[in-house]
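**Student:** Contents of coords_15.txt (compact mmCIF, C-alpha atoms) are below:
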# COMPACT_ATOMS: atom_id res chain seq x y z
CA MET B 154 -159.36 -0.15 61.03
CA ALA B 155 -158.31 3.37 62.12
CA SER B 156 -159.18 4.42 65.68
CA SER B 157 -161.06 7.63 66.43
CA SER B 158 -157.85 9.22 67.70
CA ASP B 159 -156.09 8.34 64.41
CA ALA B 160 -158.96 9.85 62.47
CA ALA B 161 -158.85 12.98 64.59
CA ALA B 162 -155.12 13.32 64.07
CA SER B 163 -155.60 12.92 60.33
CA THR B 164 -158.37 15.50 60.32
CA ASP B 165 -156.36 17.97 62.40
CA SER B 166 -153.21 17.64 60.25
CA THR B 167 -152.23 20.78 58.37
CA PRO B 168 -150.69 20.80 54.87
CA GLU B 169 -147.39 21.72 56.50
CA ASP B 170 -147.58 18.65 58.78
CA LEU B 171 -148.30 16.38 55.82
CA GLU B 172 -145.43 17.89 53.81
CA SER B 173 -143.02 17.38 56.74
CA ALA B 174 -144.08 13.76 57.17
CA SER B 175 -143.65 13.13 53.44
CA ALA B 176 -140.18 14.66 53.51
CA ARG B 177 -139.22 12.40 56.44
CA ARG B 178 -140.43 9.33 54.56
CA GLY B 179 -138.46 10.46 51.49
CA ARG B 180 -135.27 10.78 53.50
CA VAL B 181 -135.76 7.29 54.94
CA ARG B 182 -136.23 5.86 51.45
CA LEU B 183 -133.08 7.62 50.21
CA ARG B 184 -131.07 6.25 53.15
CA ARG B 185 -132.36 2.74 52.45
CA ALA B 186 -131.47 3.07 48.77
CA ALA B 187 -127.96 4.23 49.67
CA VAL B 188 -127.47 1.26 52.00
CA MET B 189 -128.69 -1.15 49.32
CA ALA B 190 -126.22 0.33 46.81
CA VAL B 191 -123.20 -0.38 49.03
CA PRO B 192 -123.02 -4.19 48.50
CA ALA B 193 -122.51 -3.82 44.72
CA THR B 194 -119.31 -1.85 45.36
CA ALA B 195 -118.26 -4.12 48.21
CA ILE B 196 -118.66 -7.26 46.09
CA ALA B 197 -116.60 -5.74 43.30
CA ALA B 198 -113.83 -4.87 45.74
CA GLY B 199 -112.35 -8.37 45.80
CA LEU B 200 -109.02 -6.78 44.92
CA MET B 201 -108.73 -5.36 48.45
CA ILE B 202 -109.46 -1.82 47.33
CA LEU B 203 -112.41 -1.31 49.62
CA THR B 204 -112.07 2.47 49.65
CA ALA B 205 -111.81 3.03 45.89
CA GLN B 206 -114.53 5.58 45.27
CA GLY B 207 -114.43 7.74 42.18
CA ALA B 208 -110.79 6.94 41.38
CA LEU B 209 -109.95 7.21 37.70
CA GLY B 210 -107.12 5.30 36.12
CA VAL B 211 -107.60 7.34 32.94
CA GLN B 212 -108.75 10.88 32.36
CA PHE B 213 -111.34 10.20 29.66
CA ALA B 214 -114.72 8.50 29.41
CA ILE B 215 -114.24 4.88 28.35
CA SER B 216 -116.39 3.26 25.67
CA GLY B 217 -117.23 0.31 27.89
CA MET B 218 -116.04 -2.15 25.21
CA PRO B 219 -113.21 -4.37 26.51
CA PHE B 220 -110.24 -5.22 24.30
CA THR B 221 -107.60 -7.94 24.49
CA VAL B 222 -103.86 -7.25 24.55
CA THR B 223 -101.18 -9.93 24.32
CA ALA B 224 -97.37 -9.91 24.06
CA THR B 225 -94.79 -12.65 24.21
CA ASP B 226 -92.65 -10.46 26.48
CA LEU B 227 -93.04 -7.23 28.40
CA ASN B 228 -90.08 -5.60 30.12
CA GLY B 229 -90.49 -2.43 32.12
CA THR B 230 -88.73 -0.11 34.54
CA GLY B 231 -90.70 1.79 37.16
CA PHE B 232 -93.79 -0.34 37.82
CA GLU B 233 -96.94 0.50 39.84
CA GLN B 234 -100.31 -1.17 40.24
CA PHE B 235 -103.47 -0.14 42.10
CA GLY B 236 -107.25 -0.36 41.93
CA ALA B 237 -109.45 2.25 40.29
CA LEU B 238 -112.85 2.92 38.75
CA ASP B 239 -113.27 3.86 35.09
CA ASN B 240 -116.37 5.75 33.96
CA MET B 241 -118.28 5.50 30.71
CA ALA B 242 -119.87 8.45 28.95
CA GLU B 243 -123.24 9.36 30.42
CA GLY B 244 -126.00 7.30 28.85
CA SER B 245 -123.57 4.84 27.22
CA PRO B 246 -125.41 1.88 25.65
CA ASN B 247 -122.64 -0.36 27.04
CA ALA B 248 -123.38 0.54 30.67
CA GLY B 249 -125.87 -2.29 31.24
CA ASP B 250 -126.43 -2.73 34.97
CA THR B 251 -122.96 -1.41 35.91
CA GLY B 252 -124.05 2.18 36.47
CA GLY B 253 -121.49 3.16 33.84
CA GLN B 254 -118.52 2.21 36.01
CA VAL B 255 -115.94 -0.57 35.68
CA LEU B 256 -113.67 -1.68 38.52
CA VAL B 257 -110.16 -2.04 37.10
CA VAL B 258 -106.56 -2.61 38.06
CA THR B 259 -104.36 0.22 36.79
CA SER B 260 -100.81 -0.83 35.86
CA ALA B 261 -98.35 2.02 35.28
CA ILE B 262 -94.89 1.52 33.75
CA LYS B 263 -92.46 4.38 33.28
CA ASN B 264 -90.63 2.75 30.36
CA ALA B 265 -91.75 -0.46 28.64
CA THR B 266 -90.81 -2.65 25.68
CA LEU B 267 -93.15 -5.31 24.27
CA THR B 268 -92.44 -8.13 21.83
CA LYS B 269 -95.11 -9.30 19.35
CA LEU B 270 -97.85 -7.00 20.57
CA CYS B 271 -101.40 -7.91 19.57
CA GLN B 272 -104.57 -5.95 20.33
CA SER B 273 -108.08 -6.93 19.30
CA VAL B 274 -111.59 -5.58 19.82
CA ASP B 275 -114.63 -7.79 19.31
CA LEU B 276 -117.06 -5.78 17.18
CA GLY B 277 -119.67 -8.52 17.06
CA GLY B 278 -118.99 -10.99 14.26
CA THR B 279 -115.58 -9.53 13.42
CA ASN B 280 -112.51 -8.26 15.24
CA LEU B 281 -110.45 -5.11 14.75
CA LEU B 282 -106.91 -6.50 15.00
CA ILE B 283 -103.68 -4.56 15.53
CA THR B 284 -100.22 -6.16 15.59
CA ALA B 285 -96.74 -4.65 15.93
CA GLY B 286 -93.24 -5.46 17.12
CA SER B 287 -93.00 -8.86 15.43
CA GLY B 288 -89.62 -8.14 13.86
CA SER B 289 -86.27 -7.17 15.36
CA ASP B 290 -87.64 -3.83 16.63
CA LYS B 291 -89.83 -4.00 19.73
CA VAL B 292 -92.81 -1.86 20.65
CA GLN B 293 -91.72 0.95 22.98
CA ALA B 294 -93.85 3.00 25.37
CA THR B 295 -93.15 5.66 27.97
CA HIS B 296 -95.49 6.45 30.87
CA LEU B 297 -97.69 3.54 29.85
CA THR B 298 -100.88 2.84 31.83
CA THR B 299 -103.40 0.07 31.27
CA ASP B 300 -106.75 -0.35 33.02
CA SER B 301 -107.49 -4.08 33.17
CA THR B 302 -110.09 -6.45 34.52
CA GLU B 303 -107.91 -9.51 33.83
CA LEU B 304 -104.14 -9.97 33.56
CA SER B 305 -102.15 -13.19 33.24
CA GLY B 306 -98.60 -14.30 32.42
CA ASP B 307 -95.35 -15.36 34.05
CA ALA B 308 -94.17 -12.35 36.06
CA SER B 309 -91.02 -11.39 37.93
CA PHE B 310 -90.19 -8.17 39.80
CA ASP B 311 -87.14 -6.48 41.28
CA ASN B 312 -87.43 -4.73 44.66
CA ILE B 313 -91.19 -5.11 44.90
CA GLU B 314 -93.22 -3.38 47.62
CA ILE B 315 -96.70 -4.77 48.31
CA GLY B 316 -99.37 -3.06 50.38
CA ASN B 317 -98.45 0.59 49.76
CA ASP B 318 -101.05 3.31 49.97
CA ALA B 319 -101.70 4.15 46.31
CA SER B 320 -101.32 7.88 46.98
CA THR B 321 -97.67 7.36 48.00
CA LEU B 322 -96.40 5.50 44.90
CA THR B 323 -93.15 6.82 43.38
CA LYS B 324 -91.77 4.30 40.85
CA ALA B 325 -93.73 5.32 37.73
CA GLY B 326 -94.74 8.87 38.60
CA VAL B 327 -98.44 8.02 38.99
CA GLN B 328 -100.39 8.25 42.24
CA GLY B 329 -103.66 6.48 42.95
CA PRO B 330 -106.42 7.34 45.46
CA LYS B 331 -105.57 7.63 49.14
CA GLY B 332 -106.44 4.54 51.16
CA VAL B 333 -106.26 2.17 48.18
CA PHE B 334 -104.16 -1.01 48.19
CA SER B 335 -101.24 -0.98 45.73
CA GLN B 336 -97.82 -2.32 44.88
CA GLN B 337 -94.72 -1.09 43.06
CA ALA B 338 -91.34 -2.36 41.89
CA ASP B 339 -88.16 -1.15 40.24
CA THR B 340 -88.58 -3.50 37.26
CA VAL B 341 -91.17 -5.90 35.87
CA HIS B 342 -90.92 -8.73 33.36
CA ILE B 343 -94.01 -10.61 32.14
CA ALA B 344 -93.76 -13.47 29.66
CA ASN B 345 -96.87 -14.58 27.73
CA LEU B 346 -98.76 -11.45 28.78
CA ARG B 347 -102.53 -11.43 28.29
CA GLN B 348 -104.82 -8.61 29.41
CA THR B 349 -108.47 -7.67 29.17
CA ASN B 350 -108.34 -3.87 29.10
CA TYR B 351 -110.78 -0.99 29.08
CA ALA B 352 -108.24 1.80 28.56
CA THR B 353 -104.60 2.39 27.67
CA THR B 354 -102.62 5.62 27.74
CA ALA B 355 -99.00 6.44 26.92
CA ALA B 356 -96.92 9.57 26.56
CA VAL B 357 -95.04 7.95 23.65
CA PHE B 358 -96.08 4.73 21.87
CA LYS B 359 -93.82 3.41 19.07
CA LEU B 360 -95.28 0.56 17.01
CA PRO B 361 -92.77 -0.80 14.46
CA GLY B 362 -94.33 -3.00 11.79
CA LEU B 363 -97.84 -1.81 12.63
CA LYS B 364 -100.67 -3.71 10.91
CA LEU B 365 -104.35 -2.88 11.35
CA ARG B 366 -107.02 -5.08 9.84
CA PHE B 367 -110.32 -6.89 10.39
CA SER B 368 -110.12 -10.55 11.31
CA ASP B 369 -112.40 -13.48 12.12
CA THR B 370 -110.31 -14.17 15.22
CA GLY B 371 -108.86 -11.97 17.94
CA CYS B 372 -105.60 -12.14 19.86
What would you get if you wrote out this structure as structure tokens?
**Tutor:**
Amino acid sequence: MASSSDAAASTDSTPEDLESASARRGRVRLRRAAVMAVPATAIAAGLMILTAQGALGVQFAISGMPFTVTATDLNGTGFEQFGALDNMAEGSPNAGDTGGQVLVVTSAIKNATLTKLCQSVDLGGTNLLITAGSGSDKVQATHLTTDSTELSGDASFDNIEIGNDASTLTKAGVQGPKGVFSQQADTVHIANLRQTNYATTAAVFKLPGLKLRFSDTGC
């Protein structure tokens, strides 16, 4: 029950006083909302990239549909890897509860060759399947970048540096955000490569023996 002094204060309040109090409450709610939003980013930062905010591995809006890439062998010179955030187009139906952002690991390779490349996208009931480099000629790419949420294979590196600041990378000519964990090496070899990607870019991408088709199974 309100006291007489509370009632008097309420009666004596001017519209300006009420507006100021409402504004203060609004600011408190906004601060609380901001604090509650932090854990989602912190949880996703299991890759030790705690300061990755607004970093883009690619310069276009991603569809939000992941695709699988496999190769029996990848050989590359000039290798870099760092954490980033990819953004979907505003209002994308694939955003779900992600806020339209996907935490990824960006791998950059200055020059790469891939053997028996396979790429597939699950379209729901069928897969769009692309294969290349199954013959004597290998797939070739320059300034190749991939934004991945999963990567596996048997890897080896020459002259690797681990723990660099991503903004200081030099091996592949790509720099990540300042304060972000990264690594780089002179060369990389990955056997039985398998990636879940959200984006790929390349300055040049040569796909000998390219085949594109729909399939019941993916890579």
**Student:** Please measure the separation of atom CA of B:Thr221 and atom CA of B:Thr354, giving the value in Å to one decimal.
**Tutor:**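 The value is 14.8 Å.
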**Student:** Just want the 10 Å neighbourhood of B:Ala338, counted on only C-alpha atoms, with same-chain residues fewer than 5 positions away dropped. Output as a compact mmCIF listing (two decimals) with C-alpha atoms, keeping the file's coordinate frame.
**Tutor:**
# COMPACT_ATOMS: atom_id res chain seq x y z
CA GLY B 229 -90.49 -2.43 32.12
CA THR B 230 -88.73 -0.11 34.54
CA GLY B 231 -90.70 1.79 37.16
CA PHE B 232 -93.79 -0.34 37.82
CA GLU B 233 -96.94 0.50 39.84
CA GLN B 234 -100.31 -1.17 40.24
CA ILE B 262 -94.89 1.52 33.75
CA SER B 309 -91.02 -11.39 37.93
CA PHE B 310 -90.19 -8.17 39.80
CA ASP B 311 -87.14 -6.48 41.28
CA ASN B 312 -87.43 -4.73 44.66
CA ILE B 313 -91.19 -5.11 44.90
CA GLU B 314 -93.22 -3.38 47.62
CA ILE B 315 -96.70 -4.77 48.31
CA LEU B 322 -96.40 5.50 44.90
CA THR B 323 -93.15 6.82 43.38
CA LYS B 324 -91.77 4.30 40.85
CA ALA B 325 -93.73 5.32 37.73
**Student:** Between atom CA of B:Leu365 and atom CA of B:Met218, what is the distance in Å, rounded to a tenth?
**Tutor:**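 About the pair atom CA of B:Leu365 and atom CA of B:Met218: they are 18.1 Å apart.
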**Student:** Which value, in Å to one decimal, gives the distance between atom CA of B:Leu282 and atom CA of B:Ala265?
**Tutor:**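 Separation of atom CA of B:Leu282 and atom CA of B:Ala265: 21.3 Å.
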**Student:** Could you tell me, as a ChimeraX atom specification, which residues have any atom at most 9 Å from (-97.6, -13.0, 30.0), counting only C-alpha atoms?
**Tutor:** /B:223-227,304-308,342-348
**Student:** Considering all atoms listed in the file, state which residue in the set B:Cys372, B:Leu256, B:Val333, B:Val327 is at the smallest distance from B:Leu281.
**Tutor:**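 For B:Leu281, the nearest of the candidates is B:Cys372.
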**Student:** Under the rule that only C-alpha atoms are counted, which of B:Cys271, B:Asn228, B:Leu238, B:Val222 is the nearest residue to B:Pro330?
**Tutor:** B:Leu238
**Student:** Counting all atoms listed in the file, which residue out of B:Ala319, B:Lys359, B:Leu270, B:Ala261 sits closest to B:Lys331?
**Tutor:**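 Ranking B:Ala319, B:Lys359, B:Leu270, B:Ala261 by distance to B:Lys331, first place goes to B:Ala319.
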**Student:** Kindly indicate which residue among B:Thr302, B:Gln293, B:Ser368, B:Ser320 lies nearest to B:Val257, using all atoms listed in the file for the distances.
**Tutor:**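 Ranked by minimum distance to B:Val257, first place goes to B:Thr302.
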**Student:** When distances are computed from all atoms listed in the file, which of B:Thr284, B:Thr298, B:Thr321, B:Thr259 shows the smallest separation from B:Ala356?
**Tutor:**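 Ranked by minimum distance to B:Ala356, first place goes to B:Thr298.
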**Student:** For B:Gly371, which residue among B:Val341, B:Val357, B:Ala352, B:Val274 is the nearest when counting only C-alpha atoms?
**Tutor:** B:Val274
